[in-house]
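Trainee: The structure follows.
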Amino acid sequence: MFGSILSGGVLRKALDRGLIEIKVHNLRDFAESKHKQVDDRPFGGGRGMVLKPEPIFRAVEKINRGEKIPVYLLSPQGRRFDDRLAKELARLSRVILVCGRYEGVDERVIESLADDEISIGDYVLTGGEPAAWVIVDAVSRFIPQVVGKADSVRQDSFFRGIFDHPHYTRPRNFRGLKVPEILFSGDHKRIEEWRARKALEKTWMKRPDLIDRKKLSPEDKKRFEEIKKERKQK
Ligand code: ADE
């Protein structure tokens, strides 16, 4: 499942440059039975299959080799993954992400093996793999040098707590859709001011909760008041 995702893009480059390391382990390799069974029917009855504890414990113990690497189980019941958690994980030298499958994972994995559960959103995936991928991608961006300029991470939407300003490139007029004139003015101060306002305005329109949560700088506060006034007049 991870092969094609690792075959190109920014992460491939980061792997080739030795900035990050990703190892994918197959739980079946840690199954005890000769049929390599990793799941079984739930005790107490009910639908579906449950991932057995042994293959997961054995996999983690082998990867750990005496060291204690933090273990995160991917599940819709976990702590919500966001930019803050991505940064937190990026500070760790190694992490183990356990992908849940089928209807559930034996509760003893959650109670006694995992340090925490992580969810990437309020929806249920067929397995934890896409979630693991999302986490690997977002966390890698916080590893120094993975993303071109340190600046591009710092300017990112969530790094600043609000969205980035709108971006435009050639052509200047695309099917009658024009790029804002100010961007051709050559007046960098005015352009920066326009961008700061657009960033605030976009965030306010799309995610007002982010504005509520953020402590705005005095300049942003002033801009925000003006934006609200303008909107009211319209
Ligand atoms: N496994 C299934 N759904 C998930 C979700 N939303 N986040 C993380 N892991 C999951």
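Lettering and numbering for the structure tokens are positional, with chains as A, B, ... in the shown order, residues counted from 1 in each chain, and ligands counted from 1 in the shown order.
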Could you list the protein, DNA and RNA residues that have any atom within 8 Å of ligand 1, counting only C-alpha atoms and all ligand atoms, and write them as a list in words?
Mentor: Leu73, Leu74, Ser75, Pro76, Gln77, Gly78, Cys99, Gly100, Arg101, Ile118, Ser119, Ile120, Gly121, Asp122, Tyr123, Val124, Leu125, Thr126, Gly127, Gly128, Glu129, Pro130, Ala131 and Ala132 of chain A
Trainee: Taking only residues of segment 76-178 of chain A that have an atom at most 10 Å from an atom of segment 213-221 of chain A, what is each one's shortest atom pair and its distance in Å to one decimal, using only C-alpha atoms, in chain and number order, as a tab-separated table?
Mentor:
```
residue	atom	partner	partner_atom	distance
A:Arg160	CA	A:Lys214	CA	9.0
A:Gly161	CA	A:Lys214	CA	6.5
A:Ile162	CA	A:Lys214	CA	8.0
```
Trainee: Using only C-alpha atoms, determine which residues lie at most 12 Å from Asp39 of chain A, disregarding the query and same-chain residues fewer than 2 positions distant; provide the list as a ChimeraX atom specification.
Mentor: /A:27-28,31-33,35-37,41-42,48-56,100-106
Trainee: So which residues of segment 20-161 of chain A fall under strand (DSSP E or B) by DSSP, listed as number ranges by chain?
Mentor: A: 39-40, 50-51, 71-80, 96-99, 101, 104-105, 116-119, 127
Trainee: Just list the residues in segment 3-93 of chain A DSSP gives helix (DSSP H, G or I) on the backbone, as a PyMOL selection string.
Mentor: chain A and resi 5-7+9-16+27-30+53-64+83-90
Trainee: Sorted by chain and rising residue number, list the residues of segment 76-151 of chain A at most 10 Å from segment 18-21 of chain A (counting only C-alpha atoms), each with its closest atom pair and distance in Å to one decimal, as CSV.
Mentor:
```
residue,atom,partner,partner_atom,distance
A:Ser93,CA,A:Ile20,CA,9.7
A:Arg94,CA,A:Glu21,CA,9.0
A:Val136,CA,A:Ile20,CA,9.8
A:Ser140,CA,A:Ile20,CA,7.3
A:Ile143,CA,A:Leu19,CA,7.6
A:Pro144,CA,A:Leu19,CA,8.0
A:Gln145,CA,A:Leu19,CA,7.6
A:Val146,CA,A:Leu19,CA,6.8
```
Trainee: So how many Å separate atom CA of Leu97 of chain A and atom CA of Asp83 of chain A, to one decimal?
Mentor: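 According to the coordinates, atom CA of Leu97 of chain A and atom CA of Asp83 of chain A are separated by 17.2 Å.
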Trainee: Quick one: residues within 12 Å of segment 175-184 of chain A, only C-alpha atoms counted, chain neighbours fewer than 5 positions away excluded, as a list in words?
Mentor: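 Non-adjacent residues within range: Pro166, His167, Tyr168, Thr169, Arg170, Lys189, Arg190, Ile191, Glu192, Glu193, Trp194, Arg195 and Lys198 of chain A.
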Trainee: Would you work out the distance separating atom CA of Asp116 of chain A from atom CA of Tyr72 of chain A, expressed in Å to one decimal?
Mentor: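 These two atoms are separated by 5.1 Å.
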